[in-house]
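Raw contents of final20.tsv, TSV, C-alpha atoms:
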```tsv
chain	number	residue	atom	x	y	z
D	261	MET	CA	8.36	-15.09	29.88
D	262	ALA	CA	7.43	-12.61	32.64
D	263	PRO	CA	4.87	-13.59	35.28
D	264	LEU	CA	1.75	-11.43	35.22
D	265	LYS	CA	2.45	-10.22	38.76
D	266	SER	CA	5.65	-8.52	37.57
D	267	LEU	CA	3.54	-6.25	35.30
D	268	GLU	CA	1.21	-5.02	38.04
D	269	LYS	CA	3.29	-2.04	39.18
D	270	GLU	CA	3.76	-0.55	35.70
D	271	TYR	CA	0.35	-1.55	34.32
D	272	PRO	CA	-2.46	-1.05	36.88
D	273	LEU	CA	-5.02	-2.93	34.78
D	274	ILE	CA	-3.00	-6.12	35.39
D	275	ASP	CA	-4.06	-6.00	39.04
D	276	SER	CA	-4.72	-8.78	41.57
D	277	ASN	CA	-8.31	-9.26	40.35
D	278	PHE	CA	-7.14	-9.71	36.76
D	279	GLN	CA	-4.38	-12.05	37.88
D	280	SER	CA	-6.87	-14.13	39.90
D	281	PHE	CA	-9.16	-14.40	36.88
D	282	CYS	CA	-6.23	-15.56	34.73
D	283	ALA	CA	-5.02	-17.96	37.41
D	284	SER	CA	-8.45	-19.61	37.49
D	285	HIS	CA	-7.79	-20.55	33.85
D	286	ALA	CA	-4.18	-21.69	34.45
D	287	ILE	CA	-2.67	-18.44	33.15
D	288	PHE	CA	0.21	-17.24	35.34
D	289	SER	CA	2.62	-15.73	32.84
D	290	VAL	CA	2.70	-13.90	29.51
D	291	GLN	CA	3.63	-17.21	27.88
D	292	ASP	CA	0.55	-18.90	29.37
D	293	PHE	CA	-1.55	-16.00	28.07
D	294	LEU	CA	-0.14	-16.36	24.53
D	295	LEU	CA	-0.82	-20.10	24.52
D	296	HIS	CA	-4.44	-19.59	25.55
D	297	ASP	CA	-7.31	-19.03	23.12
D	298	ILE	CA	-7.76	-15.26	23.50
D	299	ASP	CA	-11.29	-15.21	22.05
D	300	ALA	CA	-12.31	-17.97	24.49
D	301	LEU	CA	-10.76	-15.99	27.35
D	302	ILE	CA	-12.74	-12.89	26.33
D	303	ALA	CA	-15.93	-14.96	26.24
D	304	LEU	CA	-15.19	-16.14	29.80
D	305	ALA	CA	-14.59	-12.55	30.88
D	306	ASP	CA	-17.97	-11.55	29.41
D	307	ASN	CA	-19.67	-13.85	31.93
D	308	HIS	CA	-17.78	-12.38	34.88
D	309	CYS	CA	-19.26	-9.69	37.14
D	310	ALA	CA	-16.24	-7.47	36.39
D	311	SER	CA	-16.30	-8.21	32.66
D	312	GLN	CA	-15.50	-4.68	31.52
D	313	THR	CA	-12.39	-4.37	33.70
D	314	LEU	CA	-11.19	-7.85	32.75
D	315	LYS	CA	-11.53	-7.16	29.01
D	316	GLN	CA	-9.58	-3.94	29.50
D	317	GLY	CA	-6.86	-6.00	31.18
D	318	ILE	CA	-6.79	-8.40	28.23
D	319	ASP	CA	-6.48	-5.48	25.80
D	320	GLN	CA	-3.74	-3.98	27.97
D	321	LEU	CA	-1.78	-7.24	27.96
D	322	LEU	CA	-2.13	-7.60	24.18
D	323	SER	CA	-0.87	-4.03	23.76
D	324	ILE	CA	2.14	-4.75	25.99
D	325	ILE	CA	2.99	-7.82	23.94
D	326	ASP	CA	2.59	-5.95	20.64
D	327	ALA	CA	4.78	-3.09	21.85
D	328	ARG	CA	7.56	-5.36	23.07
D	329	HIS	CA	7.46	-7.84	20.20
D	330	PRO	CA	6.70	-6.00	16.93
D	331	PRO	CA	6.58	-8.12	13.77
D	332	LEU	CA	9.95	-8.56	12.07
D	333	LEU	CA	9.73	-7.23	8.52
D	334	ASN	CA	12.55	-6.27	6.19
D	335	GLY	CA	12.47	-3.19	3.99
D	336	LEU	CA	11.22	-5.08	0.92
D	337	GLN	CA	8.32	-6.59	2.91
D	338	LEU	CA	7.34	-3.15	4.22
D	339	LEU	CA	7.41	-1.69	0.71
D	340	GLU	CA	5.33	-4.55	-0.69
D	341	ASP	CA	2.77	-4.15	2.11
D	342	VAL	CA	2.40	-0.44	1.33
D	343	GLN	CA	2.11	-1.01	-2.43
D	344	ARG	CA	-0.37	-3.90	-2.20
D	345	ASN	CA	-2.50	-3.06	0.82
D	346	LYS	CA	-2.08	0.50	2.08
D	347	HIS	CA	-4.09	2.61	-0.35
D	348	VAL	CA	-4.96	6.30	-0.07
D	349	LEU	CA	-8.52	7.52	0.61
D	350	SER	CA	-9.61	10.97	-0.50
D	351	THR	CA	-10.99	13.21	2.26
D	352	GLY	CA	-13.11	15.14	-0.22
D	353	CYS	CA	-11.08	18.30	0.49
D	354	GLU	CA	-8.45	19.08	-2.16
D	355	GLY	CA	-6.34	21.08	0.28
D	356	ILE	CA	-6.11	18.27	2.84
D	357	ASP	CA	-5.52	15.64	0.16
D	358	ALA	CA	-2.64	17.74	-1.24
D	359	LEU	CA	-1.07	17.98	2.22
D	360	LEU	CA	-1.35	14.23	2.75
D	361	GLY	CA	-0.07	13.23	-0.68
D	362	GLY	CA	-3.46	12.11	-1.95
D	363	GLY	CA	-5.51	11.54	1.19
D	364	LEU	CA	-5.71	9.36	4.29
D	365	ARG	CA	-3.31	6.43	4.13
D	366	GLU	CA	-4.71	3.00	5.04
D	367	GLY	CA	-2.70	1.44	7.84
D	368	GLN	CA	-1.98	4.81	9.42
D	369	LEU	CA	-3.51	6.90	12.20
D	370	THR	CA	-4.09	10.53	11.21
D	371	GLU	CA	-4.87	13.11	13.91
D	372	LEU	CA	-6.62	16.44	13.39
D	373	VAL	CA	-5.70	18.92	16.12
D	374	GLY	CA	-7.47	22.21	16.78
D	375	SER	CA	-9.67	24.30	19.01
D	376	SER	CA	-13.45	24.06	19.08
D	377	ALA	CA	-15.16	25.06	15.80
D	378	SER	CA	-11.88	24.99	13.87
D	379	GLY	CA	-13.20	22.55	11.23
D	380	LYS	CA	-12.12	19.16	12.60
D	381	THR	CA	-15.61	17.64	12.70
D	382	GLN	CA	-16.39	19.03	9.23
D	383	ALA	CA	-13.28	17.27	7.90
D	384	CYS	CA	-14.39	14.03	9.57
D	385	LEU	CA	-17.91	14.21	8.14
D	386	LEU	CA	-16.60	15.12	4.68
D	387	SER	CA	-14.13	12.22	4.78
D	388	ALA	CA	-16.86	9.81	5.91
D	389	SER	CA	-19.24	10.86	3.13
D	390	THR	CA	-16.50	10.72	0.48
D	391	VAL	CA	-15.35	7.22	1.43
D	392	ALA	CA	-18.96	5.97	1.73
D	393	LYS	CA	-19.76	7.33	-1.73
D	394	HIS	CA	-17.09	4.98	-3.10
D	395	LYS	CA	-18.96	1.94	-1.78
D	396	SER	CA	-16.88	1.39	1.36
D	397	SER	CA	-18.03	1.24	4.97
D	398	VAL	CA	-17.07	3.80	7.61
D	399	ILE	CA	-17.12	3.28	11.38
D	400	TYR	CA	-17.79	6.63	13.07
D	401	LEU	CA	-17.34	6.90	16.86
D	402	ASP	CA	-19.13	10.07	17.96
D	403	THR	CA	-18.12	11.22	21.46
D	404	GLY	CA	-19.96	14.55	21.59
D	405	ASN	CA	-23.17	14.23	19.55
D	406	SER	CA	-21.47	15.98	16.65
D	407	PHE	CA	-22.39	13.50	13.91
D	408	SER	CA	-24.86	15.22	11.58
D	409	PRO	CA	-26.77	13.41	8.81
D	410	HIS	CA	-27.85	16.86	7.55
D	411	ARG	CA	-24.24	17.89	6.97
D	412	ILE	CA	-23.56	14.55	5.26
D	413	ALA	CA	-26.57	15.29	3.02
D	414	ARG	CA	-25.12	18.69	2.16
D	415	PHE	CA	-21.74	17.18	1.20
D	416	VAL	CA	-23.41	14.48	-0.93
D	417	GLY	CA	-25.63	17.06	-2.60
D	418	GLN	CA	-22.69	19.31	-3.42
D	419	SER	CA	-20.76	16.58	-5.16
D	420	SER	CA	-23.42	14.21	-6.54
D	421	GLY	CA	-23.88	15.80	-9.97
D	422	TYR	CA	-27.28	14.10	-10.33
D	423	ASP	CA	-30.02	15.83	-12.27
D	424	SER	CA	-33.00	14.30	-10.53
D	425	GLU	CA	-33.86	14.69	-6.86
D	426	ASN	CA	-34.73	10.97	-6.65
D	427	GLN	CA	-31.23	10.01	-7.77
D	428	ALA	CA	-29.69	12.34	-5.20
D	429	ASP	CA	-31.92	10.92	-2.44
D	430	HIS	CA	-30.99	7.38	-3.45
D	431	MET	CA	-27.28	8.20	-3.25
D	432	LEU	CA	-27.72	9.87	0.15
D	433	LYS	CA	-29.47	6.78	1.54
D	434	LYS	CA	-26.65	4.59	0.22
D	435	VAL	CA	-24.02	6.83	1.79
D	436	LEU	CA	-25.76	7.01	5.18
D	437	ASP	CA	-26.29	3.24	5.16
D	438	ARG	CA	-22.53	2.73	4.77
D	439	ILE	CA	-21.65	5.01	7.72
D	440	ILE	CA	-22.04	3.02	10.94
D	441	CYS	CA	-22.21	5.53	13.79
D	442	HIS	CA	-21.69	4.63	17.47
D	443	SER	CA	-22.24	7.14	20.27
D	444	VAL	CA	-19.48	6.61	22.84
D	445	PHE	CA	-19.10	8.75	25.94
D	446	HIS	CA	-16.29	7.14	27.94
D	447	ILE	CA	-13.05	5.32	27.23
D	448	TYR	CA	-14.32	1.93	28.35
D	449	GLN	CA	-17.24	2.10	25.93
D	450	MET	CA	-14.85	2.96	23.09
D	451	LEU	CA	-12.57	0.02	23.94
D	452	ASP	CA	-15.60	-2.29	23.89
D	453	VAL	CA	-16.65	-1.01	20.45
D	454	LEU	CA	-13.10	-1.34	19.09
D	455	HIS	CA	-12.77	-4.84	20.49
D	456	GLN	CA	-16.06	-5.89	18.85
D	457	LEU	CA	-14.88	-4.32	15.59
D	458	LYS	CA	-11.68	-6.36	15.81
D	459	ILE	CA	-13.71	-9.56	16.24
D	460	ASN	CA	-15.99	-8.65	13.33
D	461	LEU	CA	-13.06	-7.87	11.05
D	462	ARG	CA	-11.34	-11.13	11.94
D	463	SER	CA	-14.57	-12.97	11.19
D	464	GLU	CA	-15.04	-10.97	7.98
D	465	ILE	CA	-18.41	-9.73	9.22
D	466	VAL	CA	-18.92	-6.56	7.21
D	467	LYS	CA	-22.23	-4.84	6.71
D	468	SER	CA	-23.73	-5.56	3.29
D	469	ASN	CA	-20.46	-7.20	2.22
D	470	GLN	CA	-18.81	-3.77	2.15
D	471	HIS	CA	-15.19	-3.37	3.19
D	472	VAL	CA	-14.53	-1.16	6.22
D	473	ARG	CA	-11.86	1.28	5.06
D	474	LEU	CA	-12.17	4.20	7.47
D	475	LEU	CA	-12.49	4.43	11.27
D	476	ILE	CA	-13.18	7.87	12.79
D	477	VAL	CA	-13.05	8.88	16.46
D	478	ASP	CA	-14.37	12.41	16.99
D	479	SER	CA	-12.96	13.19	19.45
D	480	ILE	CA	-10.36	10.98	21.10
D	481	SER	CA	-9.32	13.68	23.58
D	482	SER	CA	-12.81	14.05	25.08
D	483	LEU	CA	-12.61	10.38	26.12
D	484	ILE	CA	-9.03	10.36	27.37
D	485	THR	CA	-8.67	13.75	29.09
D	486	PRO	CA	-11.10	12.91	31.95
D	487	ILE	CA	-9.08	9.83	32.96
D	488	LEU	CA	-5.63	11.49	32.97
D	489	GLY	CA	-6.08	13.54	36.15
D	490	GLY	CA	-4.78	12.54	39.57
D	491	SER	CA	-1.76	10.53	40.62
D	492	SER	CA	-2.99	7.12	39.44
D	493	PRO	CA	-1.18	5.78	36.35
D	494	GLN	CA	-4.29	3.90	35.19
D	495	GLY	CA	-5.46	6.72	32.93
D	496	HIS	CA	-2.11	6.85	31.17
D	497	ALA	CA	-2.16	3.07	30.71
D	498	LEU	CA	-5.65	3.23	29.18
D	499	MET	CA	-4.57	6.00	26.81
D	500	ILE	CA	-1.60	3.99	25.55
D	501	SER	CA	-3.80	0.88	25.22
D	502	ALA	CA	-6.33	2.81	23.13
D	503	GLY	CA	-3.58	4.17	20.89
D	504	TYR	CA	-2.02	0.77	20.28
D	505	LEU	CA	-5.42	-0.81	19.59
D	506	LEU	CA	-6.28	1.85	17.00
D	507	LYS	CA	-2.91	1.42	15.27
D	508	LYS	CA	-3.22	-2.36	15.39
D	509	LEU	CA	-6.63	-2.23	13.70
D	510	ALA	CA	-5.24	0.16	11.08
D	511	HIS	CA	-2.23	-1.99	10.22
D	512	GLU	CA	-3.73	-5.48	10.40
D	513	HIS	CA	-6.94	-4.68	8.52
D	514	ASN	CA	-5.69	-1.94	6.15
D	515	ILE	CA	-7.98	0.72	7.64
D	516	ALA	CA	-7.35	4.45	7.67
D	517	VAL	CA	-7.90	5.76	11.21
D	518	LEU	CA	-8.85	9.42	11.68
D	519	VAL	CA	-9.08	10.97	15.17
D	520	THR	CA	-9.55	14.50	16.47
D	521	ASN	CA	-7.79	16.12	19.40
D	522	HIS	CA	-8.21	19.52	21.06
D	523	VAL	CA	-5.49	22.01	21.99
D	524	VAL	CA	-4.30	23.26	25.37
D	525	ARG	CA	-2.26	26.33	26.26
D	526	GLY	CA	1.34	25.59	27.19
D	527	GLU	CA	3.47	27.34	29.79
D	528	ASP	CA	4.74	29.73	27.12
D	529	GLY	CA	1.16	30.70	26.22
D	530	ILE	CA	1.30	28.92	22.86
D	531	SER	CA	-1.41	26.37	22.03
D	532	LYS	CA	-0.29	22.77	21.63
D	533	PRO	CA	-2.00	19.40	21.08
D	534	ALA	CA	-3.60	17.90	24.16
D	535	LEU	CA	-2.86	14.46	25.72
D	536	GLY	CA	0.83	15.10	26.34
D	537	GLU	CA	4.13	13.68	25.18
D	538	SER	CA	3.16	10.01	25.55
D	539	TRP	CA	0.34	10.37	23.02
D	540	LYS	CA	2.53	12.41	20.67
D	541	SER	CA	4.17	9.26	19.32
D	542	VAL	CA	0.85	7.53	18.54
D	543	PRO	CA	-0.32	9.34	15.35
D	544	HIS	CA	1.56	8.72	12.13
D	545	VAL	CA	0.27	12.05	10.79
D	546	ARG	CA	-0.75	15.22	12.63
D	547	LEU	CA	-2.55	18.21	11.09
D	548	LEU	CA	-3.22	21.47	12.96
D	549	PHE	CA	-6.53	23.24	12.23
D	550	SER	CA	-6.97	26.93	13.02
D	551	GLN	CA	-9.41	29.67	12.08
D	552	ASP	CA	-9.07	33.45	12.09
D	553	CYS	CA	-11.79	35.30	14.00
D	554	GLY	CA	-14.77	36.05	11.75
D	555	SER	CA	-13.40	34.02	8.85
D	556	ASN	CA	-14.99	31.00	7.20
D	557	VAL	CA	-11.60	29.71	6.06
D	558	CYS	CA	-9.85	26.97	8.04
D	559	ASN	CA	-6.05	27.07	7.94
D	560	ILE	CA	-4.41	23.64	8.00
D	561	SER	CA	-0.73	23.03	8.69
D	562	MET	CA	1.35	19.87	8.91
D	563	LEU	CA	2.81	19.05	12.32
D	564	LYS	CA	3.93	15.50	11.62
D	565	HIS	CA	4.15	13.24	8.58
D	566	PRO	CA	6.46	10.36	7.59
D	567	SER	CA	7.36	12.30	4.40
D	568	MET	CA	7.74	15.81	5.82
D	569	ALA	CA	11.36	15.96	4.69
D	570	SER	CA	10.44	15.30	1.04
D	571	GLY	CA	9.48	18.87	0.22
D	572	ARG	CA	5.71	18.32	0.46
D	573	ALA	CA	3.57	21.43	1.04
D	574	ALA	CA	3.21	22.11	4.76
D	575	SER	CA	-0.02	24.18	4.81
D	576	SER	CA	-3.40	24.48	3.10
D	577	THR	CA	-6.94	25.79	3.63
D	578	MET	CA	-10.54	24.53	3.78
D	579	PHE	CA	-13.79	26.51	3.57
D	580	LEU	CA	-16.19	26.00	6.47
```

Give the structure from the file, written as structure tokens.
Amino acid sequence: MAPLKSLEKEYPLIDSNFQSFCASHAIFSVQDFLLHDIDALIALADNHCASQTLKQGIDQLLSIIDARHPPLLNGLQLLEDVQRNKHVLSTGCEGIDALLGGGLREGQLTELVGSSASGKTQACLLSASTVAKHKSSVIYLDTGNSFSPHRIARFVGQSSGYDSENQADHMLKKVLDRIICHSVFHIYQMLDVLHQLKINLRSEIVKSNQHVRLLIVDSISSLITPILGGSSPQGHALMISAGYLLKKLAHEHNIAVLVTNHVVRGEDGISKPALGESWKSVPHVRLLFSQDCGSNVCNISMLKHPSMASGRAASSTMFL
């Protein structure tokens, strides 16, 4: 297989420092890397002065390998995997669930696109509270201090149906206990959290023996946009690595991944999803959120879905 040095030009994270680190452990090629104990290599990187950069290089190399050597599955195997493992999770919003054919699909990455205050965060919080109410854990990566326990409390209160205040409070505590929130403010911090999540899931370390079924990143664009500027390709490489890691977690551990993205104005003056053409292929599903001025109704339209050609409704609404 290819020597690591041959990857340096296309993938800046596989630089001379990363290659030297690998060489010190007798890793000179992709084949050497695959034969090595990856978890042991990560532990060695943790003790290095440049641990963060080295772990990013490891994630980058794993993403390259995954992209070039996808698992070989026939149609029957894919169908069986969907039927047995890839369930649908309700978002708590009937309109969104109808658009998605029942809700968020485990094993898939769903992206909510829209301008500020268009309802994306509300959909994330509602989805988190709905999944947590059904005794499953949610990992919530908050990149802009938008996670609100008070809004979670409002959603739980609206749908609890309990007569006594004590019962409602007990349910709220259960729901909040199942939502594990991490504040992340740069891409490297997010990659560290995702890597630790991958280790925990492999080791079956789940809080209170609850199954993690939903991973939310609100918002992915606020982490990636700052690193895309300039002529260096490193930002692009990190973006692709983050996308592959999220999809890998979704597929291997049957998790629904939900991310938010903002919009930018194109050359024709029409708003479009941020992060460019390279990111466009990452989400399995893409929903566009918009809101008319002065209205409390969020309009939701389908931009991308594996079943868009099946006649499924392409638009819906949600009250803010």

| query | Could you name the residues that touch region 372-374 of chain D at 6 Å or less, counting all atoms listed in the file, but leaving out those on the same chain fewer than 5 positions away, as a list of chain:residue names? | reply |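 Counting only the stated atoms, we get D:Thr520, D:Asn521, D:His522, D:Val523, D:Leu547, D:Leu548, D:Phe549.
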
| remark: Shortest contact to Ala377 (chain D), candidates D:Leu518, D:Val444, D:Cys553, D:Leu509, atoms counted all atoms listed in the file, goes to D:Cys553

| All residues 8 Å or closer to Gly367 (chain D), only C-alpha atoms, same chain fewer than 2 positions away omitted, as a PyMOL selection string | chain D and resi 346+365+369+507+509-517

Mind dumping a table of every region 479-554 of chain D residue within 12 Å of region 295-318 of chain D, with the nearest atom pair and its distance in Å to one decimal, using all atoms listed in the file, sorted by chain and rising number, as a Markdown table?
```
| residue | atom | partner | partner_atom | distance |
| --- | --- | --- | --- | --- |
| D:Gln494 | CA | D:Gly317 | CA | 11.0 |
| D:Gly495 | CA | D:Gln316 | CA | 11.9 |
| D:Ala497 | CA | D:Gly317 | CA | 10.2 |
| D:Leu498 | CA | D:Gln316 | CA | 8.2 |
| D:Met499 | CA | D:Gln316 | CA | 11.5 |
| D:Ile500 | CA | D:Gln316 | CA | 11.9 |
| D:Ser501 | CA | D:Gln316 | CA | 8.7 |
| D:Ala502 | CA | D:Gln316 | CA | 9.8 |
| D:Leu505 | CA | D:Gln316 | CA | 11.2 |
```

| task | Just the residues within 6 Å of region 378-387 of chain D, please, counting all atoms listed in the file, with nothing from its chain fewer than 5 positions along; format it as a ChimeraX atom specification. | result | /D:351-352,549-551

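Between CA of Leu475 (chain D) and CA of Leu436 (chain D) there is a distance of 14.8 Å.
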
| field | Residue neighbourhood Ile484 (chain D), 8 Å, only C-alpha atoms, exclusion window fewer than 3 positions, as a VMD selection string | value | chain D and resid 446 to 447 480 to 481 487 to 488 495 499 535

| field | Non-local contacts of Phe407 (chain D) (12 Å; all atoms listed in the file; under 3 positions in same chain excluded) as JSON, numbers by chain | value | {"D": [380, 381, 382, 383, 384, 385, 386, 388, 389, 399, 400, 401, 402, 403, 404, 410, 411, 412, 413, 436, 439, 440, 441, 442, 443, 444, 476, 477, 478, 479]}

Output of the above residues as a PDB file, in the frame of the given file, restricted to C-alpha atoms:
```pdb
ATOM      1  CA  LYS D 380     -12.120  19.160  12.600  1.00  0.00           C
ATOM      2  CA  THR D 381     -15.610  17.640  12.700  1.00  0.00           C
ATOM      3  CA  GLN D 382     -16.390  19.030   9.230  1.00  0.00           C
ATOM      4  CA  ALA D 383     -13.280  17.270   7.900  1.00  0.00           C
ATOM      5  CA  CYS D 384     -14.390  14.030   9.570  1.00  0.00           C
ATOM      6  CA  LEU D 385     -17.910  14.210   8.140  1.00  0.00           C
ATOM      7  CA  LEU D 386     -16.600  15.120   4.680  1.00  0.00           C
ATOM      8  CA  ALA D 388     -16.860   9.810   5.910  1.00  0.00           C
ATOM      9  CA  SER D 389     -19.240  10.860   3.130  1.00  0.00           C
ATOM     10  CA  ILE D 399     -17.120   3.280  11.380  1.00  0.00           C
ATOM     11  CA  TYR D 400     -17.790   6.630  13.070  1.00  0.00           C
ATOM     12  CA  LEU D 401     -17.340   6.900  16.860  1.00  0.00           C
ATOM     13  CA  ASP D 402     -19.130  10.070  17.960  1.00  0.00           C
ATOM     14  CA  THR D 403     -18.120  11.220  21.460  1.00  0.00           C
ATOM     15  CA  GLY D 404     -19.960  14.550  21.590  1.00  0.00           C
ATOM     16  CA  HIS D 410     -27.850  16.860   7.550  1.00  0.00           C
ATOM     17  CA  ARG D 411     -24.240  17.890   6.970  1.00  0.00           C
ATOM     18  CA  ILE D 412     -23.560  14.550   5.260  1.00  0.00           C
ATOM     19  CA  ALA D 413     -26.570  15.290   3.020  1.00  0.00           C
ATOM     20  CA  LEU D 436     -25.760   7.010   5.180  1.00  0.00           C
ATOM     21  CA  ILE D 439     -21.650   5.010   7.720  1.00  0.00           C
ATOM     22  CA  ILE D 440     -22.040   3.020  10.940  1.00  0.00           C
ATOM     23  CA  CYS D 441     -22.210   5.530  13.790  1.00  0.00           C
ATOM     24  CA  HIS D 442     -21.690   4.630  17.470  1.00  0.00           C
ATOM     25  CA  SER D 443     -22.240   7.140  20.270  1.00  0.00           C
ATOM     26  CA  VAL D 444     -19.480   6.610  22.840  1.00  0.00           C
ATOM     27  CA  ILE D 476     -13.180   7.870  12.790  1.00  0.00           C
ATOM     28  CA  VAL D 477     -13.050   8.880  16.460  1.00  0.00           C
ATOM     29  CA  ASP D 478     -14.370  12.410  16.990  1.00  0.00           C
ATOM     30  CA  SER D 479     -12.960  13.190  19.450  1.00  0.00           C
TER      31      SER D 479
END
```

| said: What's the separation between CA of His565 (chain D) and CA of His347 (chain D), in Å to one decimal place? | reply: 16.1 Å

| message | As an exercise, work out the distance from CA of Lys269 (chain D) to CA of Ala283 (chain D) in Å and give it to one decimal place. | response |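 Interatomic distance, CA of Lys269 (chain D) to CA of Ala283 (chain D): 18.0 Å.
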
| request: Go through D:Leu321, D:Val542, D:Leu506, D:Ile287 one by one, measure the shortest atom-to-atom distance of each to His455 (chain D) using all atoms listed in the file, and give the residue with the smallest value. | output: D:Leu506
